[in-house]
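Have a look at the structure below, then the notes.
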Amino acid sequence: QLTTGLESAWNKLRGTDVLTKENIAEPMRDIRRALLEADVSLPVVRSFIESVTEKAAGTDVIRGVKPEQQLVKVVNDELVQLMGGEVSDLVFAKTGPTVILLAGLQGVGKTTVCAKLAYYLKKMGKSCMLIAADVYRPAAIDQLTILGKQVGVPVYSEGTEVKPSQIAKNGLKEAKSKKTDVIIVDTAGRLQVDKAMMSELKEVKRAVNPTEVLLVVDAMTGQEAASLVSTFNVEIGITGAILTKLDGDSRGGAALSIKEVSGKPIKFVGRGERMEDLEPFYPDRMAQRILGMGDVLSFVEKAQEVMRQEDAEELQKKILSAKFNFNDFLKQTQAIAQMGSFSRIIGMIPGMNKVTPAQIREAEKNLKFMESMINVMTPEERERPELLAESRERRIRVAKESGKNERQVSQLVAQLFRMRAQMQKMMGAMQGQDTPDMEG
Ligand code: GDP
Ligand code: MG
């Protein structure tokens, strides 16, 4: 079992100050075994272990942090990075209906995903239409029709006699005339990858020029997921994947391979048969699942403890020297973004207030808005916000490059200085009191 594997890996590290290739070799072997047990494919495990070893070796162990915790943090961060780092949103068409084409083997959950996605998008305020382009079994059309009814979304079908590409094309036309925001095309799968399925998918793709081509993958596929995804990607070109049946006893290893092998992100995960059991894919949570395997807490808490200490120390230094800048600002807003996803978990605990998806979206939108301006700043501007405060020219440039206006940039700069002032005031108030013992 993974947890005991990691537990023993950690024990071996006790009492060291610096992580070296030598002293992490044995824990890394255990982590390697753990990943293989989680059904991650061998080539992915190999390159992962290599890059983590590279990253971890030479790292000083932070004061007050155990070396094994430091290693955990590196492993965790790398896993998150490997799976794309951030949530990868759906792309919507600039004009006309957004077309989402679903592909995948038989029984992986395509038809279910159609309805789940429609349900999800409907909650976002988008109008949807499902298109029944699986013509090989009349039951498939019935299934989609029933699910469509269940989520209150129209289903376009033409029976089993018309070619899938033609149905998709006609469906798109209908969606255009009704000004539907999103159409989701359900296609037929086979038990195995075969030529007929691929050429049919290509034909449908040509007919409707989809905004998103999402490959639906059953999480139970495990190691096979890697080659499956790369085959589909090469043959038809996908924009992302949806990992289903994560509620089962699958070990999640498929998630790790998908991005690495295809370069395409996982956009959603399915966690059950109900319509609400579809959620965006969070690389950090998946990392925790893969590593935690039923004992998430001990592992993740350890890693988070390290992050908190690192940040707290650095931030304290910054505040004391009045240098809180846009890089720190980004760090803080990212911490808040993480809390956003965290609040969803809180919402599941009885008695706690549920944060609505709308509230989270709003907060995330605000963060993105600010980040887009910070992203176009030069490194010096991020480091020394004074530059922006002093130069209108710079503010205008940032506004232009980020597609915002000058006032919005000024507001952001003002906000940073407000935060800086607030922090210094807080530090002032704390002076005279005992400073916390950072040695731990
Ligand atoms: P398709 O052949 O790819 O269209 O697959 P279906 O959508 O018909 O799904 C096949 C079976 O898997 C159905 O019984 C679904 O209810 C079930 N299913 C789909 N997604 C999930 C999931 O996330 N979790 C679980 N437990 N079952 C799922
Ligand atoms: Mg189906």
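Labeling convention for the structure tokens: chains A, B, ... as they appear, residues from 1 per chain, ligands from 1 in order of appearance.
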Legend entry - 8 Å shell around ligand 1 using only C-alpha atoms and all ligand atoms, listed as a ChimeraX atom specification: /A:104-114,140,143,186-189,216,243-248,269-274,277-278
Would you mind listing what lies within 12 Å of Glu390 in chain A as a short mmCIF file (atom, residue, chain, number, x, y, z; two decimals) with N, CA and C atoms, in the first residue's frame, with only C-alpha atoms counted and same-chain residues fewer than 6 positions away left out?
```cif
data_model
loop_
_atom_site.label_atom_id
_atom_site.label_comp_id
_atom_site.auth_asym_id
_atom_site.auth_seq_id
_atom_site.Cartn_x
_atom_site.Cartn_y
_atom_site.Cartn_z
N GLU A 381 8.95 45.72 -12.72
CA GLU A 381 7.71 46.35 -12.26
C GLU A 381 7.03 45.53 -11.17
N ARG A 384 9.24 46.10 -8.09
CA ARG A 384 9.17 47.46 -7.53
C ARG A 384 7.94 48.19 -8.07
N ILE A 396 -0.07 52.86 -18.71
CA ILE A 396 -0.78 52.79 -20.00
C ILE A 396 -0.35 51.55 -20.78
N SER A 410 -4.42 51.53 -12.44
CA SER A 410 -4.17 52.41 -11.30
C SER A 410 -4.79 51.83 -10.03
N VAL A 413 -2.64 49.05 -8.69
CA VAL A 413 -1.43 49.56 -8.03
C VAL A 413 -1.79 50.14 -6.66
N ALA A 414 -2.88 50.89 -6.63
CA ALA A 414 -3.31 51.47 -5.36
C ALA A 414 -3.62 50.37 -4.35
#
```
Legend entry - In range 64-172 of chain A, DSSP strand (DSSP E) residues written as a VMD selection string: chain A and resid 98 to 103 128 to 133 155 to 156
Write to file, as a compact mmCIF listing (two decimals), in the first residue's frame, the residues of the selection just made, with N, CA and C atoms.
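Saved result, part23.txt, follows:
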```txt
# COMPACT_ATOMS: atom_id res chain seq x y z
N THR A 98 -20.84 26.96 -29.41
CA THR A 98 -19.67 26.19 -29.06
C THR A 98 -20.00 24.73 -29.31
N VAL A 99 -19.11 24.03 -30.00
CA VAL A 99 -19.37 22.62 -30.30
C VAL A 99 -18.42 21.74 -29.50
N ILE A 100 -18.99 20.87 -28.70
CA ILE A 100 -18.17 19.93 -27.93
C ILE A 100 -18.39 18.53 -28.49
N LEU A 101 -17.32 17.93 -28.99
CA LEU A 101 -17.42 16.58 -29.53
C LEU A 101 -16.82 15.61 -28.52
N LEU A 102 -17.61 14.58 -28.17
CA LEU A 102 -17.11 13.60 -27.21
C LEU A 102 -16.71 12.32 -27.93
N ALA A 103 -15.54 11.82 -27.59
CA ALA A 103 -15.05 10.59 -28.20
C ALA A 103 -14.62 9.64 -27.10
N CYS A 128 -28.07 24.66 -23.93
CA CYS A 128 -27.39 23.51 -24.54
C CYS A 128 -28.33 22.69 -25.40
N MET A 129 -27.73 21.92 -26.28
CA MET A 129 -28.47 20.92 -27.04
C MET A 129 -27.57 19.70 -27.18
N LEU A 130 -28.17 18.52 -27.00
CA LEU A 130 -27.40 17.29 -27.16
C LEU A 130 -27.69 16.70 -28.54
N ILE A 131 -26.68 16.14 -29.15
CA ILE A 131 -26.88 15.56 -30.47
C ILE A 131 -26.54 14.07 -30.45
N ALA A 132 -27.53 13.27 -30.87
CA ALA A 132 -27.38 11.82 -30.81
C ALA A 132 -26.74 11.31 -32.10
N ALA A 133 -25.42 11.19 -32.10
CA ALA A 133 -24.72 10.71 -33.29
C ALA A 133 -24.16 9.31 -33.10
N VAL A 155 -32.75 17.21 -27.06
CA VAL A 155 -31.88 16.24 -27.72
C VAL A 155 -32.24 16.20 -29.19
N TYR A 156 -31.25 16.38 -30.03
CA TYR A 156 -31.48 16.32 -31.48
C TYR A 156 -31.11 14.93 -31.98
```
Which neighbours of Lys126 in chain A fall inside 12 Å, counting only C-alpha atoms, when residues of the same chain fewer than 4 positions from it are skipped, and could you give them as a compact mmCIF listing (two decimals) with C-alpha atoms, in the first residue's frame?
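Full text of result-v1.txt as output:
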```txt
# COMPACT_ATOMS: atom_id res chain seq x y z
CA PHE A 92 -16.09 28.62 -25.77
CA PRO A 97 -22.55 27.77 -30.89
CA THR A 98 -19.67 26.19 -29.06
CA LEU A 117 -21.88 18.52 -19.09
CA ALA A 118 -25.17 19.99 -20.24
CA TYR A 119 -26.31 20.09 -16.63
CA TYR A 120 -23.06 21.79 -15.61
CA LEU A 121 -23.25 24.35 -18.42
CA LYS A 122 -26.90 25.04 -17.76
CA VAL A 153 -32.00 19.96 -22.32
CA LYS A 179 -29.24 30.53 -30.88
CA THR A 180 -28.17 27.72 -28.59
CA ASP A 181 -24.90 28.43 -26.78
CA VAL A 182 -23.41 24.95 -26.69
CA ILE A 183 -24.01 21.69 -28.52
```
Inset, instruction - Run DSSP on the backbone and grab whatever in range 98-209 of chain A lands in alpha helix (DSSP H); send it over as a PyMOL selection string. - result: chain A and resi 110-123+138-151+164-177+195-208
Inset, instruction - Measuring atom to atom with only C-alpha atoms, identify which of A:Glu224, A:Glu386, A:Glu279, A:Glu393 is nearest to Val87 in chain A. - result: A:Glu279
Legend entry - Top pick for closest residue to ligand 2, considering A:Thr145, A:Gln288, A:Asn375, A:Asn209 and counting only C-alpha atoms and all ligand atoms: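 So, comparing all the options, the nearest one is A:Thr145.
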Inset, instruction - Counting only C-alpha atoms and all ligand atoms, figure out which residue out of A:Arg33, A:Arg137, A:Lys21, A:Lys205 gets nearest to ligand 2. - result: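 Ranked by minimum distance to ligand 2, first place goes to A:Arg137.
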Legend entry - Which residue of A:Lys73, A:Arg395, A:Arg190, A:Lys173 approaches ligand 2 most closely, using only C-alpha atoms and all ligand atoms: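 Looking at the shortest contact to ligand 2, the residue is A:Arg190.
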